[in-house]
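Coordinates as given in start.cif (mmCIF, C-alpha atoms):
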data_target
loop_
_atom_site.group_PDB
_atom_site.id
_atom_site.type_symbol
_atom_site.label_atom_id
_atom_site.label_comp_id
_atom_site.auth_asym_id
_atom_site.auth_seq_id
_atom_site.Cartn_x
_atom_site.Cartn_y
_atom_site.Cartn_z
ATOM 1 C CA MET A 1 23.544 -46.569 -1.864
ATOM 2 C CA ALA A 2 22.433 -49.036 -4.513
ATOM 3 C CA LEU A 3 21.070 -49.264 -8.013
ATOM 4 C CA THR A 4 17.357 -49.885 -8.505
ATOM 5 C CA ILE A 5 16.672 -52.584 -11.099
ATOM 6 C CA VAL A 6 13.351 -53.187 -12.850
ATOM 7 C CA ARG A 7 13.224 -56.406 -14.867
ATOM 8 C CA HIS A 8 11.223 -56.578 -18.066
ATOM 9 C CA GLY A 9 11.408 -60.294 -18.689
ATOM 10 C CA PHE A 10 13.206 -62.234 -21.358
ATOM 11 C CA PRO A 11 12.684 -61.542 -25.054
ATOM 12 C CA PHE A 12 13.928 -65.075 -25.797
ATOM 13 C CA PRO A 13 13.233 -68.242 -23.797
ATOM 14 C CA PRO A 14 16.044 -69.240 -21.397
ATOM 15 C CA GLY A 15 18.303 -71.714 -23.170
ATOM 16 C CA ALA A 16 17.254 -70.673 -26.681
ATOM 17 C CA PHE A 17 20.814 -69.656 -27.491
ATOM 18 C CA GLY A 18 23.202 -72.240 -26.096
ATOM 19 C CA GLY A 19 21.882 -72.099 -22.546
ATOM 20 C CA ARG A 20 22.198 -68.305 -22.332
ATOM 21 C CA ARG A 21 19.605 -66.034 -20.762
ATOM 22 C CA MET A 22 18.831 -62.701 -22.367
ATOM 23 C CA GLY A 23 16.689 -59.826 -21.296
ATOM 24 C CA TYR A 24 16.549 -56.169 -20.552
ATOM 25 C CA VAL A 25 16.260 -54.111 -17.422
ATOM 26 C CA ASP A 26 15.862 -50.474 -16.479
ATOM 27 C CA ILE A 27 18.512 -49.441 -13.979
ATOM 28 C CA THR A 28 18.175 -46.234 -11.967
ATOM 29 C CA PHE A 29 21.182 -44.749 -10.212
ATOM 30 C CA ASP A 30 20.957 -43.472 -6.649
ATOM 31 C CA SER A 31 21.342 -40.105 -4.962
ATOM 32 C CA SER A 32 25.097 -40.394 -4.317
ATOM 33 C CA TYR A 33 27.204 -41.667 -7.224
ATOM 34 C CA ALA A 34 30.387 -43.464 -6.160
ATOM 35 C CA THR A 35 33.685 -42.732 -7.914
ATOM 36 C CA GLY A 36 34.550 -45.748 -10.044
ATOM 37 C CA GLY A 37 30.902 -46.597 -10.679
ATOM 38 C CA GLU A 38 27.973 -48.287 -9.014
ATOM 39 C CA PRO A 39 28.356 -52.044 -8.361
ATOM 40 C CA LEU A 40 26.367 -54.364 -10.633
ATOM 41 C CA VAL A 41 26.954 -58.091 -10.283
ATOM 42 C CA ALA A 42 25.384 -61.066 -12.067
ATOM 43 C CA ALA A 43 23.192 -61.953 -9.081
ATOM 44 C CA ASP A 44 21.531 -58.508 -9.365
ATOM 45 C CA LEU A 45 20.148 -59.693 -12.719
ATOM 46 C CA GLY A 46 19.298 -63.209 -11.539
ATOM 47 C CA LEU A 47 22.329 -64.650 -13.353
ATOM 48 C CA GLY A 48 25.437 -66.622 -12.461
ATOM 49 C CA THR A 49 27.570 -64.651 -14.939
ATOM 50 C CA ILE A 50 27.168 -61.562 -17.098
ATOM 51 C CA GLU A 51 28.644 -62.231 -20.519
ATOM 52 C CA LEU A 52 27.451 -59.009 -22.152
ATOM 53 C CA LEU A 53 25.674 -55.920 -20.874
ATOM 54 C CA ILE A 54 24.851 -53.068 -23.242
ATOM 55 C CA PRO A 55 23.492 -49.857 -21.702
ATOM 56 C CA ALA A 56 21.411 -47.578 -23.920
ATOM 57 C CA GLN A 57 22.124 -43.875 -23.628
ATOM 58 C CA ARG A 58 19.613 -41.501 -22.038
ATOM 59 C CA ASN A 59 19.143 -37.758 -22.146
ATOM 60 C CA THR A 60 18.370 -35.935 -18.931
ATOM 61 C CA ALA A 61 17.335 -32.320 -18.475
ATOM 62 C CA ALA A 62 20.804 -31.368 -17.220
ATOM 63 C CA ALA A 63 23.175 -33.293 -19.494
ATOM 64 C CA LEU A 64 23.671 -36.152 -21.863
ATOM 65 C CA HIS A 65 24.867 -39.043 -19.731
ATOM 66 C CA THR A 66 26.736 -41.975 -21.182
ATOM 67 C CA VAL A 67 26.772 -45.165 -19.136
ATOM 68 C CA ASN A 68 29.349 -47.914 -19.601
ATOM 69 C CA TYR A 69 29.546 -51.323 -17.972
ATOM 70 C CA ASP A 70 33.020 -52.134 -16.631
ATOM 71 C CA SER A 71 33.100 -55.938 -16.791
ATOM 72 C CA GLN A 72 36.376 -56.143 -14.869
ATOM 73 C CA ALA A 73 35.194 -54.090 -11.896
ATOM 74 C CA HIS A 74 31.504 -55.105 -12.266
ATOM 75 C CA THR A 75 30.308 -51.509 -12.154
ATOM 76 C CA LEU A 76 28.123 -49.132 -14.141
ATOM 77 C CA VAL A 77 30.111 -45.965 -14.821
ATOM 78 C CA ALA A 78 28.318 -42.688 -15.572
ATOM 79 C CA LEU A 79 30.025 -40.158 -17.847
ATOM 80 C CA VAL A 80 29.255 -36.682 -19.151
ATOM 81 C CA ALA A 81 31.197 -35.582 -22.232
ATOM 82 C CA GLY A 82 33.517 -38.562 -21.739
ATOM 83 C CA ILE A 83 34.439 -37.631 -18.162
ATOM 84 C CA GLN A 84 33.273 -39.672 -15.195
ATOM 85 C CA VAL A 85 30.645 -38.004 -13.041
ATOM 86 C CA ALA A 86 32.078 -36.618 -9.795
ATOM 87 C CA ASN A 87 31.800 -38.475 -6.503
ATOM 88 C CA ALA A 88 28.532 -38.023 -4.547
ATOM 89 C CA VAL A 89 26.605 -36.449 -7.462
ATOM 90 C CA ASN A 90 22.864 -37.102 -7.280
ATOM 91 C CA LEU A 91 21.927 -39.291 -10.284
ATOM 92 C CA ALA A 92 18.585 -40.442 -8.880
ATOM 93 C CA THR A 93 16.820 -39.249 -12.046
ATOM 94 C CA LEU A 94 19.162 -41.175 -14.366
ATOM 95 C CA THR A 95 17.652 -44.418 -15.649
ATOM 96 C CA VAL A 96 19.352 -46.511 -18.289
ATOM 97 C CA ARG A 97 17.857 -49.456 -20.176
ATOM 98 C CA CYS A 98 20.319 -52.351 -20.481
ATOM 99 C CA PHE A 99 20.260 -55.467 -22.640
ATOM 100 C CA TYR A 100 22.122 -58.423 -21.161
ATOM 101 C CA ILE A 101 23.260 -61.929 -22.001
ATOM 102 C CA GLY A 102 24.363 -64.289 -19.261
ATOM 103 C CA ALA A 103 24.167 -67.719 -17.818
#
Would you put the structure from the file into structure tokens?
Amino acid sequence: MALTIVRHGFPFPPGAFGGRRMGYVDITFDSSYATGGEPLVAADLGLGTIELLIPAQRNTAAALHTVNYDSQAHTLVALVAGIQVANAVNLATLTVRCFYIGA
């Protein structure tokens, strides 16, 4: 499955900070989480490279999920109480807002 990404535009004009693009997106996980995280590459955000991606934390009815971006593996990793969510768990109701900087 794949992540669903909703773009909210750029709070700063492209190139305002040394040619970097900045913005924020809402990313919703899918119905079958993959061990190791869900793939998220620069092209998914309309970028050539992701230099920084900061996920905000969200509460859900079931648990407090923490989401980290693994820049080496290019994945969003979902955690509960510091432990990665199990393989194939339905996270379709988990949406995280992310701020990014890239080129």
- Note on the structure: If you count all atoms listed in the file, the residue of A:Ile83, A:Val77, A:Leu52, A:Leu64 closest to Tyr24 (chain A) turns out to be A:Leu52
- Message: Given only C-alpha atoms as the basis, pick out the residue of A:Leu79, A:Ala88, A:Leu94, A:Ile50 nearest to Leu3 (chain A).
- Response: A:Leu94
If the PyMOL selection byres ((chain A and resi 97) around 7) is run on the structure shown, which residues does it catch, given as a PDB file with C-alpha atoms, in the frame of the given file?
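Result went into selection-v2.pdb, see below:
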ATOM      1  CA  TYR A  24      16.549 -56.169 -20.552  1.00  0.00           C
ATOM      2  CA  VAL A  25      16.260 -54.111 -17.422  1.00  0.00           C
ATOM      3  CA  ASP A  26      15.862 -50.474 -16.479  1.00  0.00           C
ATOM      4  CA  ILE A  27      18.512 -49.441 -13.979  1.00  0.00           C
ATOM      5  CA  PRO A  55      23.492 -49.857 -21.702  1.00  0.00           C
ATOM      6  CA  ALA A  56      21.411 -47.578 -23.920  1.00  0.00           C
ATOM      7  CA  THR A  95      17.652 -44.418 -15.649  1.00  0.00           C
ATOM      8  CA  VAL A  96      19.352 -46.511 -18.289  1.00  0.00           C
ATOM      9  CA  CYS A  98      20.319 -52.351 -20.481  1.00  0.00           C
ATOM     10  CA  PHE A  99      20.260 -55.467 -22.640  1.00  0.00           C
TER      11      PHE A  99
END
- Task: Name the residues that the PyMOL selection byres ((chain A and resi 33) around 7) picks from the file above, as a ChimeraX atom specification, using the file's chain letters and numbers.
- Result: /A:30-32,34-35,38,87-91
- Using the chain letters and numbers from the file, give me the residues hit by the PyMOL selection byres ((chain A and resi 74) around 9), as a list of chain:residue names. A:Gly37, A:Glu38, A:Pro39, A:Leu40, A:Val41, A:Ala42, A:Tyr69, A:Asp70, A:Ser71, A:Gln72, A:Ala73, A:Thr75, A:Leu76
Write the residues of the preceding selection, restricted to C-alpha atoms, as a compact mmCIF listing (two decimals), in the coordinates of the input.
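File again30.txt, as written:
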# COMPACT_ATOMS: atom_id res chain seq x y z
CA GLY A 37 30.90 -46.60 -10.68
CA GLU A 38 27.97 -48.29 -9.01
CA PRO A 39 28.36 -52.04 -8.36
CA LEU A 40 26.37 -54.36 -10.63
CA VAL A 41 26.95 -58.09 -10.28
CA ALA A 42 25.38 -61.07 -12.07
CA TYR A 69 29.55 -51.32 -17.97
CA ASP A 70 33.02 -52.13 -16.63
CA SER A 71 33.10 -55.94 -16.79
CA GLN A 72 36.38 -56.14 -14.87
CA ALA A 73 35.19 -54.09 -11.90
CA THR A 75 30.31 -51.51 -12.15
CA LEU A 76 28.12 -49.13 -14.14
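Of the residues listed (A:Ala86, A:Leu47, A:Leu53, A:Ile101), A:Ile101 shows the shortest atom-to-atom separation from Gly18 (chain A); distances use all atoms listed in the file.
Of note, CA of Asp44 (chain A) and CA of Val80 (chain A) are spaced 25.1 Å apart.
Using only C-alpha atoms for every distance, the candidate list A:Gly46, A:Met22, A:Tyr100, A:Phe29 yields A:Phe29 as the residue closest to His65 (chain A).
As for CA of Gly23 (chain A) and CA of His8 (chain A), they are spaced 7.1 Å apart.
Considering the residues A:Thr28, A:Val85, A:Arg20, A:Thr93 and counting all atoms listed in the file, Val6 (chain A) has its shortest atom-to-atom contact with A:Thr28.
Put simply, CA of Gly82 (chain A) is 10.5 Å away from CA of Asn68 (chain A).
Of the listed residues A:Leu45, A:Ala81, A:Gly102, A:Gly19, the one whose atoms come nearest to Arg7 (chain A) is A:Leu45, with distances taken using only C-alpha atoms.
Within a radius of 6 Å around (25.6, -43.0, -24.5), the polymer residues are Gln57, Thr66 and Val67 of chain A, counting all atoms listed in the file.
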